[in-house]
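Peer 1: Below are the structure tokens for one structure; questions will follow.
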Amino acid sequence: MVNVLVKWQGKKYEVDADITMPGEYFKAQLFSLTGVAPERQKILVKGGQLKDDTDMSQLGLKENQILMMIGTVGELLKEPTQPVKFVEDMSENEVAQALSIPAGLTNLGNTCYMNATLQCLKAIPELKSAMEKHSVARGQTDARANMVESLKGLFKQLNESGEGVPPFVFLQFLRQAYPRFAEQDSQHGGYRQQDADEFWSEMLTTLDQVLGKDGSVSTVVDKHMSGRMVTTWKCDEAPDEEPTERQEPFRKLNCIIDKSVNYLSQGIKKGLEEVIEKHSETLGRNADYRSVSRIARLPEYLTVTYNRFFWKASESIDAKIVKSVKFPLDLDVSEFCTPELVEKMRPARLHLREIEDKKAHERKLAKKGQNAEPEAEKKDMDVDVKPEASSAPFELSPEFKADDGCNPTGMYELIGVVTHIGRTANSGHYMAWVRKEKGVGGPDPAGRGIPETQHWWYKFDDDEVSMVTDDEILKLCGGGDWHTAYVTLYRAKKLE
């Protein structure tokens with residue numbers, strides 16, 4: 001035992017520290033003396049902050065040594081308003097609802113491509129809201145309209161269920177609207193495996209067409225998931241020939257993969273710059289034209305697909321490129337935008353960086369305990385300089401304000417991934433990985449704390465749902481026979 005003094009809120013407490021026990025035991029002693037719960041305690045010791053698993057014998061504590069504790073007494077426990085119900089007394093639905101673990105989708109025979117895609121699209125609240133406002137007349141014979149109506153019901157089931165939901169009705173209408181998703185496997189029997197990227201594209205087309213029948217000038221897909229691209233063609237063989245330019249909408253960016261591509265940004269750049277052959281009026285023959293595309297309007301939700309499959313004639317299969325292509329959790333696409341858009345985004349980008357700098361500063365203060373430190377004790381601690389903020393209040397430009405569903409900064413955060421495991425497009429297995437928002441849903445897995453800057457993710461393996469961290473998501477870059485990112489969904493960072 002070592003007798004130490006713990007200073008807290010102007011008082012000193014004598015504590016017999018048992019150095020044979022871990023730090024959590026010492027925190028429990030202080031809890032009995034001060035009423036400050038262990039998880040609210042910040043005890044400053046040599047080398048940093050006392051943790052639950054700290055080896056007390058390695059701290060070199062001396063008799064009557066003074067330690068400083070920071071923390072506040074939490075609210076006193078209140079008697080529960082409802083009787084306590086134990087897990088063993090709950091049904092499967094009640095357990096899932098208590099933990100707020102989202103339900104998965106049952107695999108109805110090679111439908112993992114569909115299940116994974118729908119779980120990612122479900123992470124877009126604007127889509128769910130638009131479908132809820134849309135209604136289909138009874139007796140509707142349009143398979144696509146029935147697809148959207150059944151998807152609305154399916155999302156509702158997923159929100160209310162605590163177990164796997166079989167998407168029978170939606171699948172029936174999908175195969176009516178798009179018969180190729182009903183193709184049979186002649187070799188193995190049953191339905192063929194399908195391409196998740198193709199299904200993703202068909203879903204957006206269907207949602208756009210059906211929800212646009214309400215008379216909307218622009219649909220939720222137009223506003224929140226579609227951008228505008230400017231493409232310029234220039235013939236290097238005919239320098240006097242005027243470049244041609246065309247603007248067109250886009251719903252996804254393609255990541256081209258070859259030997260030189262190791263990162264997502266490199267693959268996107270390859271997808272936006274290419275050389276094509278076409279007829280030149282100036283030369284009177286076919287010539288090579290350099291095509292350069294740049295983004296003129298960014299959507300709130302950006303889809304990026306990876307060209308992982310190619311036709312291998314020698315084996316008559318769509319073979320897979322398993323090369324590792326690293327993708328970031330935070331993506332800045334300003335380098336792929338037109339100079340005009342980059343200039344327009346500059347004030348909002350600056351404001352977003354100020355917000356992130358402020359949050360980083362607050363996390364630093366919280367880590368040191370300065371946010372809860374009494375004034376009398378602040379002089380004993382190092383002082384951090386708060387990052388300078390712009391003196392004038394930020395206001396988004398009228399052009400961006402009027403453009404509902406755009407991204408005014410060019411900066412995104414990853415919220416969904418569709419992965420594929422296997423060696424060909426017509427085999428293997430698809431899964432979805434969807435980010436859990438902080439403060440939303442149930443508690444994080446017990447005993448596995450992660451830094452405030454990281455997130456937990458839901459891993460949807462059809463109707464089996466588990467949780468992983470950011471570190472596991474970054475391992476989905478490829479390079480082997482593990483799950484490989486095939487479609488990534490990014491969301492615009494919020495200006496708040």
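Identifiers in this document derive from the order of the structure tokens: chains are assigned A, B, ..., residues are numbered from 1 separately in each chain, and ligands are numbered from 1 in order of occurrence.
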Write out as a list of chain:residue names each polymer residue whose atoms come within 12 Å of A:Gln247, counting only C-alpha atoms; drop sequence neighbours fewer than 6 positions from it.

Peer 2: A:Gly227, A:Arg228, A:Met229, A:Val230, A:Thr231, A:Thr232, A:Trp233, A:Val292, A:Ser293, A:Arg294, A:Ile295, A:Ala296, A:Arg297, A:Thr338

Peer 1: Got a sec: who's within 9 Å of A:Ala319, counting only C-alpha atoms, leaving out chain neighbours fewer than 2 positions off, as a ChimeraX atom specification?

Peer 2: /A:308-312,315-317,321,423-425

Peer 1: From the list A:Gln266, A:Gln194, A:Thr303, A:Gln209, which residue is nearest A:Arg180 when using only C-alpha atoms?

Peer 2: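 Closest to A:Arg180, using only C-alpha atoms: A:Gln194.
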
Peer 1: Smallest atom-to-atom distance to A:Gly422: which of A:Gln193, A:Ser201, A:Asn307, A:Gln187, using only C-alpha atoms?

Peer 2: A:Gln193

Peer 1: Considering only C-alpha atoms, tabulate each residue of stretch 309-376 of chain A that lies at most 10 Å from stretch 452-463 of chain A along with its nearest interatomic pair and the corresponding distance in Å to one decimal; arrange the rows by chain and ascending residue number and present them as JSON lines.

Peer 2:
{"residue": "A:Leu329", "atom": "CA", "partner": "A:Gln454", "partner_atom": "CA", "distance": 9.8}
{"residue": "A:Lys359", "atom": "CA", "partner": "A:Thr453", "partner_atom": "CA", "distance": 9.8}
{"residue": "A:Ala360", "atom": "CA", "partner": "A:Thr453", "partner_atom": "CA", "distance": 9.1}
{"residue": "A:Arg363", "atom": "CA", "partner": "A:Glu452", "partner_atom": "CA", "distance": 8.2}

Peer 1: Can you pull out every residue within 12 Å of A:Asp240, counting only C-alpha atoms, but drop anything in the same chain fewer than 6 positions away, and send it as a list in words?

Peer 2: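 Contacts, in chain order: Lys234, Ser280, Glu281, Thr282 and Leu283 of chain A.
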